[in-house]
Each structure stands twice: as C-alpha cells, then as structure tokens.
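Data file: model-v1.pdb. Format and content: PDB, C-alpha atoms, pLDDT in the B column.
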ATOM      1  CA  MET A  30     -83.130 -23.776 117.414  1.00 44.00           C
ATOM      2  CA  ASP A  31     -84.768 -25.532 120.325  1.00 46.00           C
ATOM      3  CA  ASP A  32     -83.836 -24.024 123.676  1.00 49.00           C
ATOM      4  CA  SER A  33     -86.588 -25.740 125.631  1.00 45.00           C
ATOM      5  CA  LEU A  34     -85.804 -25.792 129.336  1.00 45.00           C
ATOM      6  CA  ASP A  35     -88.004 -28.648 130.474  1.00 47.00           C
ATOM      7  CA  SER A  36     -86.590 -29.413 133.907  1.00 43.00           C
ATOM      8  CA  LYS A  37     -86.197 -27.007 136.756  1.00 50.00           C
ATOM      9  CA  GLN A  38     -84.114 -29.514 138.684  1.00 64.00           C
ATOM     10  CA  LYS A  39     -81.106 -29.440 136.375  1.00 86.00           C
ATOM     11  CA  ASP A  40     -78.467 -26.720 136.176  1.00 92.00           C
ATOM     12  CA  LEU A  41     -78.864 -24.406 133.200  1.00 96.00           C
ATOM     13  CA  VAL A  42     -75.948 -23.704 130.889  1.00 97.00           C
ATOM     14  CA  LEU A  43     -76.028 -20.874 128.363  1.00 98.00           C
ATOM     15  CA  ILE A  44     -73.633 -21.356 125.438  1.00 97.00           C
ATOM     16  CA  VAL A  45     -72.861 -18.130 123.577  1.00 97.00           C
ATOM     17  CA  GLU A  46     -71.202 -19.510 120.454  1.00 95.00           C
ATOM     18  CA  ASP A  47     -71.687 -18.770 116.728  1.00 94.00           C
ATOM     19  CA  ASP A  48     -70.243 -22.082 115.499  1.00 92.00           C
ATOM     20  CA  GLU A  49     -73.541 -23.959 115.197  1.00 94.00           C
ATOM     21  CA  ARG A  50     -71.959 -27.395 114.858  1.00 93.00           C
ATOM     22  CA  LEU A  51     -69.727 -26.913 117.907  1.00 92.00           C
ATOM     23  CA  ALA A  52     -72.562 -25.410 119.953  1.00 94.00           C
ATOM     24  CA  ASN A  53     -74.921 -28.281 119.179  1.00 95.00           C
ATOM     25  CA  LEU A  54     -72.289 -30.960 119.830  1.00 94.00           C
ATOM     26  CA  THR A  55     -71.498 -29.302 123.145  1.00 95.00           C
ATOM     27  CA  ARG A  56     -75.175 -29.097 124.000  1.00 96.00           C
ATOM     28  CA  GLU A  57     -75.700 -32.801 123.256  1.00 96.00           C
ATOM     29  CA  TYR A  58     -72.712 -33.737 125.422  1.00 96.00           C
ATOM     30  CA  LEU A  59     -73.801 -31.567 128.334  1.00 96.00           C
ATOM     31  CA  GLU A  60     -77.411 -32.742 128.140  1.00 96.00           C
ATOM     32  CA  THR A  61     -76.262 -36.358 128.378  1.00 96.00           C
ATOM     33  CA  ASN A  62     -74.409 -35.306 131.527  1.00 96.00           C
ATOM     34  CA  GLY A  63     -77.488 -33.911 133.209  1.00 95.00           C
ATOM     35  CA  PHE A  64     -77.572 -30.234 132.214  1.00 96.00           C
ATOM     36  CA  ARG A  65     -80.208 -28.090 130.574  1.00 96.00           C
ATOM     37  CA  VAL A  66     -78.662 -26.098 127.744  1.00 97.00           C
ATOM     38  CA  ALA A  67     -79.616 -22.946 125.856  1.00 97.00           C
ATOM     39  CA  ILE A  68     -77.677 -21.536 122.903  1.00 97.00           C
ATOM     40  CA  GLU A  69     -77.184 -17.971 121.675  1.00 97.00           C
ATOM     41  CA  ALA A  70     -75.305 -17.557 118.395  1.00 96.00           C
ATOM     42  CA  ASP A  71     -75.370 -13.759 118.047  1.00 95.00           C
ATOM     43  CA  GLY A  72     -73.107 -11.693 120.276  1.00 95.00           C
ATOM     44  CA  THR A  73     -75.501  -8.767 119.904  1.00 95.00           C
ATOM     45  CA  HIS A  74     -77.998 -10.620 122.094  1.00 96.00           C
ATOM     46  CA  GLY A  75     -75.457 -12.140 124.489  1.00 96.00           C
ATOM     47  CA  VAL A  76     -75.900  -9.740 127.397  1.00 96.00           C
ATOM     48  CA  GLU A  77     -79.694  -9.789 127.034  1.00 96.00           C
ATOM     49  CA  ARG A  78     -79.857 -13.587 127.065  1.00 96.00           C
ATOM     50  CA  ILE A  79     -77.597 -13.924 130.106  1.00 96.00           C
ATOM     51  CA  ILE A  80     -79.701 -11.470 132.092  1.00 95.00           C
ATOM     52  CA  GLU A  81     -82.970 -12.988 130.859  1.00 95.00           C
ATOM     53  CA  LEU A  82     -82.095 -16.641 131.575  1.00 95.00           C
ATOM     54  CA  GLU A  83     -79.874 -16.166 134.643  1.00 93.00           C
ATOM     55  CA  PRO A  84     -78.070 -19.437 133.867  1.00 95.00           C
ATOM     56  CA  ASP A  85     -76.075 -21.360 136.442  1.00 93.00           C
ATOM     57  CA  ILE A  86     -73.018 -20.965 134.206  1.00 95.00           C
ATOM     58  CA  VAL A  87     -72.176 -19.229 130.919  1.00 97.00           C
ATOM     59  CA  ILE A  88     -69.856 -20.669 128.267  1.00 97.00           C
ATOM     60  CA  LEU A  89     -68.790 -17.617 126.292  1.00 96.00           C
ATOM     61  CA  ASP A  90     -66.850 -17.676 123.043  1.00 94.00           C
ATOM     62  CA  LEU A  91     -64.376 -14.856 122.503  1.00 91.00           C
ATOM     63  CA  MET A  92     -65.013 -14.250 118.795  1.00 91.00           C
ATOM     64  CA  LEU A  93     -68.678 -13.609 118.039  1.00 94.00           C
ATOM     65  CA  PRO A  94     -70.662 -11.706 115.418  1.00 94.00           C
ATOM     66  CA  GLY A  95     -72.236  -8.479 116.603  1.00 94.00           C
ATOM     67  CA  GLU A  96     -70.381  -8.151 119.919  1.00 95.00           C
ATOM     68  CA  ASP A  97     -67.294 -10.031 121.063  1.00 93.00           C
ATOM     69  CA  GLY A  98     -67.039 -12.094 124.216  1.00 93.00           C
ATOM     70  CA  LEU A  99     -64.802  -9.611 126.038  1.00 91.00           C
ATOM     71  CA  SER A 100     -67.345  -6.828 125.634  1.00 94.00           C
ATOM     72  CA  ILE A 101     -70.222  -9.099 126.673  1.00 95.00           C
ATOM     73  CA  CYS A 102     -68.323 -10.212 129.775  1.00 91.00           C
ATOM     74  CA  ARG A 103     -67.495  -6.642 130.768  1.00 88.00           C
ATOM     75  CA  ARG A 104     -71.050  -5.347 130.250  1.00 91.00           C
ATOM     76  CA  VAL A 105     -72.888  -8.215 131.944  1.00 91.00           C
ATOM     77  CA  ARG A 106     -70.740  -8.499 135.053  1.00 83.00           C
ATOM     78  CA  PRO A 107     -72.537  -5.769 137.067  1.00 79.00           C
ATOM     79  CA  GLN A 108     -75.792  -7.729 136.647  1.00 85.00           C
ATOM     80  CA  TYR A 109     -74.674 -11.370 136.551  1.00 88.00           C
ATOM     81  CA  ALA A 110     -72.677 -12.943 139.382  1.00 79.00           C
ATOM     82  CA  GLY A 111     -72.578 -16.538 138.124  1.00 86.00           C
ATOM     83  CA  PRO A 112     -69.524 -18.282 136.655  1.00 88.00           C
ATOM     84  CA  ILE A 113     -68.395 -17.301 133.158  1.00 92.00           C
ATOM     85  CA  LEU A 114     -66.157 -19.787 131.337  1.00 93.00           C
ATOM     86  CA  MET A 115     -64.543 -18.178 128.314  1.00 91.00           C
ATOM     87  CA  LEU A 116     -63.423 -20.014 125.181  1.00 90.00           C
ATOM     88  CA  THR A 117     -60.147 -18.584 123.860  1.00 83.00           C
ATOM     89  CA  ALA A 118     -57.627 -19.166 121.088  1.00 71.00           C
ATOM     90  CA  ARG A 119     -55.187 -21.905 122.035  1.00 56.00           C
ATOM     91  CA  THR A 120     -51.962 -19.870 121.835  1.00 60.00           C
ATOM     92  CA  ASP A 121     -53.165 -16.318 122.470  1.00 60.00           C
ATOM     93  CA  ASP A 122     -52.139 -15.580 126.053  1.00 65.00           C
ATOM     94  CA  MET A 123     -53.416 -12.016 125.724  1.00 68.00           C
ATOM     95  CA  ASP A 124     -56.942 -13.282 125.060  1.00 68.00           C
ATOM     96  CA  GLN A 125     -56.818 -15.182 128.335  1.00 68.00           C
ATOM     97  CA  VAL A 126     -55.509 -12.206 130.301  1.00 72.00           C
ATOM     98  CA  LEU A 127     -58.069  -9.831 128.802  1.00 74.00           C
ATOM     99  CA  GLY A 128     -60.866 -12.295 129.495  1.00 76.00           C
ATOM    100  CA  LEU A 129     -59.901 -12.498 133.150  1.00 74.00           C
ATOM    101  CA  GLU A 130     -59.617  -8.717 133.351  1.00 72.00           C
ATOM    102  CA  MET A 131     -63.136  -8.355 131.953  1.00 78.00           C
ATOM    103  CA  GLY A 132     -64.529 -10.659 134.648  1.00 79.00           C
ATOM    104  CA  ALA A 133     -64.328 -14.211 133.288  1.00 85.00           C
ATOM    105  CA  ASP A 134     -63.861 -16.853 135.999  1.00 83.00           C
ATOM    106  CA  ASP A 135     -61.866 -19.301 133.907  1.00 84.00           C
ATOM    107  CA  TYR A 136     -60.938 -20.051 130.317  1.00 84.00           C
ATOM    108  CA  VAL A 137     -60.597 -23.111 128.115  1.00 86.00           C
ATOM    109  CA  PRO A 138     -58.538 -23.104 124.894  1.00 84.00           C
ATOM    110  CA  LYS A 139     -60.168 -24.063 121.603  1.00 85.00           C
ATOM    111  CA  PRO A 140     -60.602 -26.611 120.166  1.00 84.00           C
ATOM    112  CA  VAL A 141     -62.430 -27.753 123.283  1.00 83.00           C
ATOM    113  CA  GLN A 142     -62.186 -31.298 124.586  1.00 87.00           C
ATOM    114  CA  PRO A 143     -65.682 -32.078 125.968  1.00 91.00           C
ATOM    115  CA  ARG A 144     -64.379 -33.855 129.063  1.00 91.00           C
ATOM    116  CA  VAL A 145     -62.065 -30.952 129.881  1.00 89.00           C
ATOM    117  CA  LEU A 146     -64.884 -28.468 129.396  1.00 93.00           C
ATOM    118  CA  LEU A 147     -67.176 -30.479 131.661  1.00 93.00           C
ATOM    119  CA  ALA A 148     -64.512 -30.806 134.358  1.00 89.00           C
ATOM    120  CA  ARG A 149     -63.811 -27.057 134.348  1.00 88.00           C
ATOM    121  CA  MET A 150     -67.532 -26.269 134.447  1.00 91.00           C
ATOM    122  CA  ARG A 151     -68.100 -28.562 137.406  1.00 89.00           C
ATOM    123  CA  ALA A 152     -65.100 -27.094 139.222  1.00 83.00           C
ATOM    124  CA  LEU A 153     -66.477 -23.565 138.821  1.00 83.00           C
ATOM    125  CA  MET A 154     -69.977 -24.571 139.889  1.00 84.00           C
ATOM    126  CA  ARG A 155     -68.668 -26.585 142.836  1.00 78.00           C
ATOM    127  CA  ARG A 156     -66.683 -23.573 143.949  1.00 71.00           C
ATOM    128  CA  SER A 157     -69.778 -21.370 143.734  1.00 65.00           C
ATOM    129  CA  ASP A 158     -71.804 -23.867 145.768  1.00 65.00           C
ATOM    130  CA  GLN A 159     -69.087 -24.128 148.404  1.00 60.00           C
ATOM    131  CA  LEU A 160     -68.842 -20.363 148.697  1.00 58.00           C
ATOM    132  CA  GLU A 161     -72.608 -20.018 149.055  1.00 57.00           C
ATOM    133  CA  SER A 162     -72.575 -22.637 151.823  1.00 55.00           C
ATOM    134  CA  SER A 163     -69.706 -20.987 153.650  1.00 52.00           C
ATOM    135  CA  ASN A 164     -71.374 -17.592 153.332  1.00 49.00           C
ATOM    136  CA  SER A 165     -74.394 -18.826 155.297  1.00 48.00           C
ATOM    137  CA  GLY A 166     -72.303 -18.159 158.407  1.00 51.00           C
ATOM    138  CA  ALA A 167     -72.187 -14.456 157.502  1.00 49.00           C
ATOM    139  CA  ALA A 168     -68.595 -13.496 158.345  1.00 81.00           C
ATOM    140  CA  ARG A 169     -66.845 -10.154 158.074  1.00 86.00           C
ATOM    141  CA  LEU A 170     -63.143  -9.460 158.013  1.00 91.00           C
ATOM    142  CA  THR A 171     -61.772  -6.016 158.889  1.00 92.00           C
ATOM    143  CA  PHE A 172     -58.261  -4.715 158.267  1.00 93.00           C
ATOM    144  CA  ASN A 173     -57.990  -1.045 159.231  1.00 91.00           C
ATOM    145  CA  ASP A 174     -60.167   0.768 156.653  1.00 93.00           C
ATOM    146  CA  LEU A 175     -60.755  -2.372 154.544  1.00 94.00           C
ATOM    147  CA  LEU A 176     -63.878  -4.427 155.259  1.00 94.00           C
ATOM    148  CA  ILE A 177     -64.767  -7.679 153.462  1.00 94.00           C
ATOM    149  CA  ASP A 178     -68.194  -9.286 153.906  1.00 90.00           C
ATOM    150  CA  SER A 179     -68.687 -12.893 152.812  1.00 84.00           C
ATOM    151  CA  ALA A 180     -72.469 -12.787 153.239  1.00 78.00           C
ATOM    152  CA  THR A 181     -73.051  -9.927 150.806  1.00 80.00           C
ATOM    153  CA  ARG A 182     -69.896 -10.745 148.805  1.00 81.00           C
ATOM    154  CA  GLU A 183     -68.898  -7.115 148.966  1.00 87.00           C
ATOM    155  CA  ALA A 184     -65.886  -5.160 150.175  1.00 94.00           C
ATOM    156  CA  TRP A 185     -65.455  -1.551 151.256  1.00 95.00           C
ATOM    157  CA  LEU A 186     -62.428   0.711 151.497  1.00 95.00           C
ATOM    158  CA  SER A 187     -62.852   3.789 153.720  1.00 93.00           C
ATOM    159  CA  ASN A 188     -66.637   3.193 153.615  1.00 91.00           C
ATOM    160  CA  GLU A 189     -66.618   3.212 149.796  1.00 93.00           C
ATOM    161  CA  ARG A 190     -67.861   0.039 148.085  1.00 92.00           C
ATOM    162  CA  ILE A 191     -65.185  -1.629 145.954  1.00 93.00           C
ATOM    163  CA  ASP A 192     -66.116  -2.774 142.456  1.00 88.00           C
ATOM    164  CA  LEU A 193     -65.036  -6.425 142.344  1.00 86.00           C
ATOM    165  CA  THR A 194     -65.870  -9.197 139.924  1.00 80.00           C
ATOM    166  CA  SER A 195     -67.100 -12.474 141.392  1.00 76.00           C
ATOM    167  CA  ALA A 196     -63.731 -14.110 140.767  1.00 80.00           C
ATOM    168  CA  GLU A 197     -61.859 -11.170 142.287  1.00 87.00           C
ATOM    169  CA  PHE A 198     -63.972 -11.317 145.426  1.00 88.00           C
ATOM    170  CA  ASP A 199     -63.377 -15.064 145.751  1.00 86.00           C
ATOM    171  CA  LEU A 200     -59.625 -14.557 145.591  1.00 91.00           C
ATOM    172  CA  LEU A 201     -59.651 -11.561 147.944  1.00 94.00           C
ATOM    173  CA  TRP A 202     -61.722 -13.469 150.507  1.00 93.00           C
ATOM    174  CA  LEU A 203     -59.478 -16.538 150.282  1.00 92.00           C
ATOM    175  CA  LEU A 204     -56.335 -14.460 150.846  1.00 95.00           C
ATOM    176  CA  ALA A 205     -57.877 -12.329 153.617  1.00 94.00           C
ATOM    177  CA  ASP A 206     -59.369 -15.345 155.382  1.00 91.00           C
ATOM    178  CA  ASN A 207     -55.837 -16.755 155.526  1.00 92.00           C
ATOM    179  CA  ALA A 208     -54.211 -13.459 156.530  1.00 93.00           C
ATOM    180  CA  GLY A 209     -50.704 -13.914 157.889  1.00 94.00           C
ATOM    181  CA  ARG A 210     -50.123 -17.180 156.020  1.00 93.00           C
ATOM    182  CA  VAL A 211     -48.498 -17.603 152.628  1.00 95.00           C
ATOM    183  CA  LEU A 212     -50.836 -19.329 150.187  1.00 94.00           C
ATOM    184  CA  THR A 213     -49.062 -21.146 147.383  1.00 93.00           C
ATOM    185  CA  ARG A 214     -50.373 -20.939 143.855  1.00 90.00           C
ATOM    186  CA  GLU A 215     -51.141 -24.649 144.116  1.00 90.00           C
ATOM    187  CA  GLU A 216     -53.372 -24.018 147.149  1.00 90.00           C
ATOM    188  CA  ILE A 217     -55.094 -21.074 145.457  1.00 90.00           C
ATOM    189  CA  PHE A 218     -55.779 -23.004 142.257  1.00 85.00           C
ATOM    190  CA  SER A 219     -57.124 -25.966 144.188  1.00 82.00           C
ATOM    191  CA  ALA A 220     -59.419 -23.783 146.299  1.00 82.00           C
ATOM    192  CA  LEU A 221     -60.723 -21.503 143.555  1.00 79.00           C
ATOM    193  CA  ARG A 222     -60.596 -23.524 140.362  1.00 71.00           C
ATOM    194  CA  GLY A 223     -60.564 -27.128 141.491  1.00 66.00           C
ATOM    195  CA  ILE A 224     -57.592 -27.958 139.269  1.00 66.00           C
ATOM    196  CA  LYS A 225     -53.854 -28.412 139.703  1.00 72.00           C
ATOM    197  CA  TYR A 226     -51.546 -25.502 138.989  1.00 76.00           C
ATOM    198  CA  ASP A 227     -49.570 -26.173 135.805  1.00 72.00           C
ATOM    199  CA  GLY A 228     -46.811 -23.686 136.588  1.00 71.00           C
ATOM    200  CA  GLN A 229     -47.706 -21.419 133.673  1.00 72.00           C
ATOM    201  CA  ASP A 230     -51.260 -20.197 134.193  1.00 75.00           C
ATOM    202  CA  ARG A 231     -51.274 -16.434 134.912  1.00 78.00           C
ATOM    203  CA  SER A 232     -54.904 -16.038 135.941  1.00 80.00           C
ATOM    204  CA  ILE A 233     -54.223 -15.685 139.678  1.00 86.00           C
ATOM    205  CA  ASP A 234     -51.447 -13.151 139.059  1.00 88.00           C
ATOM    206  CA  VAL A 235     -53.750 -11.120 136.812  1.00 86.00           C
ATOM    207  CA  ARG A 236     -56.460 -11.043 139.463  1.00 88.00           C
ATOM    208  CA  VAL A 237     -54.042 -10.038 142.211  1.00 93.00           C
ATOM    209  CA  SER A 238     -52.754  -7.179 140.046  1.00 92.00           C
ATOM    210  CA  ARG A 239     -56.329  -5.966 139.542  1.00 90.00           C
ATOM    211  CA  ILE A 240     -57.314  -6.339 143.200  1.00 95.00           C
ATOM    212  CA  ARG A 241     -54.352  -4.438 144.620  1.00 96.00           C
ATOM    213  CA  PRO A 242     -55.272  -0.899 143.500  1.00 94.00           C
ATOM    214  CA  LYS A 243     -58.917  -1.529 144.368  1.00 94.00           C
ATOM    215  CA  ILE A 244     -58.039  -2.140 148.022  1.00 95.00           C
ATOM    216  CA  GLY A 245     -55.618   0.770 148.210  1.00 93.00           C
ATOM    217  CA  ASP A 246     -52.469  -1.274 147.619  1.00 94.00           C
ATOM    218  CA  ASP A 247     -49.586   0.229 145.661  1.00 90.00           C
ATOM    219  CA  PRO A 248     -49.086  -2.095 142.663  1.00 86.00           C
ATOM    220  CA  ASN A 249     -45.356  -1.276 142.592  1.00 88.00           C
ATOM    221  CA  GLN A 250     -44.767  -1.593 146.339  1.00 91.00           C
ATOM    222  CA  PRO A 251     -47.721  -3.577 147.717  1.00 93.00           C
ATOM    223  CA  HIS A 252     -48.147  -3.569 151.473  1.00 93.00           C
ATOM    224  CA  ARG A 253     -51.385  -5.546 151.815  1.00 95.00           C
ATOM    225  CA  ILE A 254     -51.041  -8.413 149.317  1.00 96.00           C
ATOM    226  CA  LYS A 255     -47.381  -9.328 149.019  1.00 95.00           C
ATOM    227  CA  THR A 256     -45.847 -11.620 146.426  1.00 94.00           C
ATOM    228  CA  VAL A 257     -43.631 -14.258 148.005  1.00 93.00           C
ATOM    229  CA  ARG A 258     -41.092 -15.259 145.384  1.00 88.00           C
ATOM    230  CA  SER A 259     -41.333 -18.872 144.192  1.00 83.00           C
ATOM    231  CA  LYS A 260     -44.189 -19.525 146.614  1.00 89.00           C
ATOM    232  CA  GLY A 261     -47.372 -17.494 146.263  1.00 93.00           C
ATOM    233  CA  TYR A 262     -49.115 -14.638 148.039  1.00 96.00           C
ATOM    234  CA  LEU A 263     -49.359 -13.310 151.579  1.00 96.00           C
ATOM    235  CA  PHE A 264     -52.234 -11.146 152.835  1.00 96.00           C
ATOM    236  CA  VAL A 265     -50.726  -8.980 155.596  1.00 95.00           C
ATOM    237  CA  LYS A 266     -52.832  -8.717 158.739  1.00 87.00           C
ATOM    238  CA  ASP A 267     -51.630  -5.326 159.959  1.00 77.00           C
ATOM    239  CA  VAL A 268     -50.079  -2.634 157.789  1.00 63.00           C
TER     240      VAL A 268
END

Render the structure in this file as structure tokens.
Amino acid sequence: MDDSLDSKQKDLVLIVEDDERLANLTREYLETNGFRVAIEADGTHGVERIIELEPDIVILDLMLPGEDGLSICRRVRPQYAGPILMLTARTDDMDQVLGLEMGADDYVPKPVQPRVLLARMRALMRRSDQLESSNSGAARLTFNDLLIDSATREAWLSNERIDLTSAEFDLLWLLADNAGRVLTREEIFSALRGIKYDGQDRSIDVRVSRIRPKIGDDPNQPHRIKTVRSKGYLFVKDV
C-alpha cells in the first residue's frame, strides 16, 4: 500500500479503515480534492500511526481488527489534539455518543457519501484554523476558581488542570466567551461544526454533560452551564 506523502503543502489525512476498497476509494476522492492521504488498516497500529504522522485530520472507523475505533480515540487523545472524524453505523445512536465521549470531534454515518465526508472534514479543519487564529490574541477568562486559557487551550479549576478533549475545550470556550448570553444549538453547531443543526443531533448535549462535572458543576442541578429549554445553553457569569 502506497502511503507516499510527496507534498508538504497539502493537508495530510490519515484514514484508519480496514475495508480496503472503501479506504482506497476515499483516498482517491480526497487526493483529487487536494489532500495527501495515508491509510492504516489494522486497529492495532492506529494509535502509533496517528502519533507518528501527526495528520491534520484523522478519519477513524469504529469497527477495526486488533483495536476498535473507540479505544484508539480514547488512548490517542492525550497525545493528539487534531480533529478526529469517526465513521459509525447509520442507526446506532450509542456508537455516536460513545465516540464523542471518547474524544471524537464529529461523526459521519456509514455508508459514507464522499461529498458529505469532505464537507464535514473541511468544517472541522476550518474550525481548527479559526481557533488557532483567534488564539493568537492569547485571552484568558476567569470565573471565580475557574480559569480558561485560549492560548494554551487549557482550563483550571481551583488551580488544578482540567482534562478536556479538544472538542470539549472548543465548546467550553465558546460558551464562556459568550457568558451571560443564551447560545442556541443552531449557533453552537454553526460555530463549532460548520453545519446546520438538524434538531436531532445529540453531540453538543453529550459534550455539555461531560464538561459540567469537570468544571465543578452539579450535573443534576447545574449552576455554571444551564440548559435553557427549547433554546440552548447559558454560561452563567457569576455563581
């Protein structure tokens, strides 16, 4: 399998997928759209390849030989901050939730439509670029004992560093940067995923539920990130 990476100017995509036909068709499509592409078919080597190549984005299948996509995502997250786009079963909502909990940034149901895959990839990468540009201003937000730093992309609670995935930090920063204002799910989806909210996607809700205990919020009676029924979420300035 030829994984030659001949141009340093193009973004590198790593496809972790054991379906050789699908992987190669996806590679051909992405290469015609200006990407460099590497393929890894064995889940056993997934974490190693991600760390070794440091791709601009990872397309990670859920079901793999050797080690499944959920495990790979969970293990690689402490060392890889780039976008991870997970491929999931079309009707298995639990796969999508688990993928997000393990640190995936987005998911696409299989079978994958190439144009949809490309659009979701570009949305994730555009978001990453925008966040890097905005972070050049090096801003910090402080709310009592909670500190959020956009330059280092880290947060601390009572001087203890909080373990956040890249996607969790993005959402926390977006909410905190708009403290005191209700953000609708439509606004959140547009800002973080570059797509319209379809009214059913639970990814934002999953991330909020994971962020709350990490920032000292009571999941049952949250005081920092409040759910506003039929609207979205409100990050409270002073609690």

message = My list of candidates is A:Val105, A:Pro94, A:Asn53, A:Tyr58. Which is closest to Val76 in chain A when distances are computed with all atoms listed in the file?
response =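 Distance minimum relative to Val76 in chain A lands on A:Val105.
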
query = Do you have the CA of Ala208 in chain A-CA of Asp192 in chain A distance handy?
reply =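 Taking CA of Ala208 in chain A and CA of Asp192 in chain A, their separation equals 21.3 Å.
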
Which of A:Asp71, A:Ala110, A:Gln142, A:Arg214 sits closest to Glu183 in chain A [using all atoms listed in the file] = A:Ala110

request  = Apply the PyMOL selection byres ((chain A and resi 233) around 12) to the file shown and report the selected residues as a ChimeraX atom specification.
outcome  = /A:125-126,129-130,134-135,196-197,199-201,203-204,212-222,226,228-232,234-240,256,261-262

Could you save those same residues with C-alpha atoms as a PDB file, in the frame of the given file?
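Written output follows (again.pdb):
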ATOM      1  CA  GLN A 125     -56.818 -15.182 128.335  1.00 68.00           C
ATOM      2  CA  VAL A 126     -55.509 -12.206 130.301  1.00 72.00           C
ATOM      3  CA  LEU A 129     -59.901 -12.498 133.150  1.00 74.00           C
ATOM      4  CA  GLU A 130     -59.617  -8.717 133.351  1.00 72.00           C
ATOM      5  CA  ASP A 134     -63.861 -16.853 135.999  1.00 83.00           C
ATOM      6  CA  ASP A 135     -61.866 -19.301 133.907  1.00 84.00           C
ATOM      7  CA  ALA A 196     -63.731 -14.110 140.767  1.00 80.00           C
ATOM      8  CA  GLU A 197     -61.859 -11.170 142.287  1.00 87.00           C
ATOM      9  CA  ASP A 199     -63.377 -15.064 145.751  1.00 86.00           C
ATOM     10  CA  LEU A 200     -59.625 -14.557 145.591  1.00 91.00           C
ATOM     11  CA  LEU A 201     -59.651 -11.561 147.944  1.00 94.00           C
ATOM     12  CA  LEU A 203     -59.478 -16.538 150.282  1.00 92.00           C
ATOM     13  CA  LEU A 204     -56.335 -14.460 150.846  1.00 95.00           C
ATOM     14  CA  LEU A 212     -50.836 -19.329 150.187  1.00 94.00           C
ATOM     15  CA  THR A 213     -49.062 -21.146 147.383  1.00 93.00           C
ATOM     16  CA  ARG A 214     -50.373 -20.939 143.855  1.00 90.00           C
ATOM     17  CA  GLU A 215     -51.141 -24.649 144.116  1.00 90.00           C
ATOM     18  CA  GLU A 216     -53.372 -24.018 147.149  1.00 90.00           C
ATOM     19  CA  ILE A 217     -55.094 -21.074 145.457  1.00 90.00           C
ATOM     20  CA  PHE A 218     -55.779 -23.004 142.257  1.00 85.00           C
ATOM     21  CA  SER A 219     -57.124 -25.966 144.188  1.00 82.00           C
ATOM     22  CA  ALA A 220     -59.419 -23.783 146.299  1.00 82.00           C
ATOM     23  CA  LEU A 221     -60.723 -21.503 143.555  1.00 79.00           C
ATOM     24  CA  ARG A 222     -60.596 -23.524 140.362  1.00 71.00           C
ATOM     25  CA  TYR A 226     -51.546 -25.502 138.989  1.00 76.00           C
ATOM     26  CA  GLY A 228     -46.811 -23.686 136.588  1.00 71.00           C
ATOM     27  CA  GLN A 229     -47.706 -21.419 133.673  1.00 72.00           C
ATOM     28  CA  ASP A 230     -51.260 -20.197 134.193  1.00 75.00           C
ATOM     29  CA  ARG A 231     -51.274 -16.434 134.912  1.00 78.00           C
ATOM     30  CA  SER A 232     -54.904 -16.038 135.941  1.00 80.00           C
ATOM     31  CA  ASP A 234     -51.447 -13.151 139.059  1.00 88.00           C
ATOM     32  CA  VAL A 235     -53.750 -11.120 136.812  1.00 86.00           C
ATOM     33  CA  ARG A 236     -56.460 -11.043 139.463  1.00 88.00           C
ATOM     34  CA  VAL A 237     -54.042 -10.038 142.211  1.00 93.00           C
ATOM     35  CA  SER A 238     -52.754  -7.179 140.046  1.00 92.00           C
ATOM     36  CA  ARG A 239     -56.329  -5.966 139.542  1.00 90.00           C
ATOM     37  CA  ILE A 240     -57.314  -6.339 143.200  1.00 95.00           C
ATOM     38  CA  THR A 256     -45.847 -11.620 146.426  1.00 94.00           C
ATOM     39  CA  GLY A 261     -47.372 -17.494 146.263  1.00 93.00           C
ATOM     40  CA  TYR A 262     -49.115 -14.638 148.039  1.00 96.00           C
TER      41      TYR A 262
END

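The interatomic distance for the pair CA of Arg241 in chain A and CA of Thr117 in chain A works out to 25.8 Å.
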
task = For Gly128 in chain A, work out the shell of residues within 10 Å, counting all atoms listed in the file and skipping chain neighbours fewer than 5 positions away, then give it as a PyMOL selection string.
result = chain A and resi 91+98-100+102-103+113-117+122-123+133-136+232

ask   = Given the choices A:Gly63, A:Gly245, A:Pro251, A:Pro107, which gets closest to Trp185 in chain A if the distance is worked out from all atoms listed in the file?
value = A:Gly245

key: Expected selection from the PyMOL selection byres ((chain A and resi 66) around 6), given as a list of chain:residue names   = A:Leu41, A:Val42, A:Leu43, A:Arg56, A:Arg65, A:Ala67

Keeping C-alpha atoms, export the residues of the selection given above as a PDB file, keeping the file's coordinate frame.
ATOM      1  CA  LEU A  41     -78.864 -24.406 133.200  1.00 96.00           C
ATOM      2  CA  VAL A  42     -75.948 -23.704 130.889  1.00 97.00           C
ATOM      3  CA  LEU A  43     -76.028 -20.874 128.363  1.00 98.00           C
ATOM      4  CA  ARG A  56     -75.175 -29.097 124.000  1.00 96.00           C
ATOM      5  CA  ARG A  65     -80.208 -28.090 130.574  1.00 96.00           C
ATOM      6  CA  ALA A  67     -79.616 -22.946 125.856  1.00 97.00           C
TER       7      ALA A  67
END

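The shortest atom-to-atom distance to Ile101 in chain A, with only C-alpha atoms taken into account, belongs to A:Glu77 out of A:Asp246, A:Asp206, A:Asp174, A:Glu77.
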
task = Would you mind telling me which residue in A:Asp247, A:Asp47, A:Asp267, A:Asp90 lies nearest to Val141 in chain A when using all atoms listed in the file?
result =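 Distance minimum relative to Val141 in chain A lands on A:Asp90.
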
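Interatomic distance, CA of Ala168 in chain A to CA of Thr181 in chain A: 9.5 Å.
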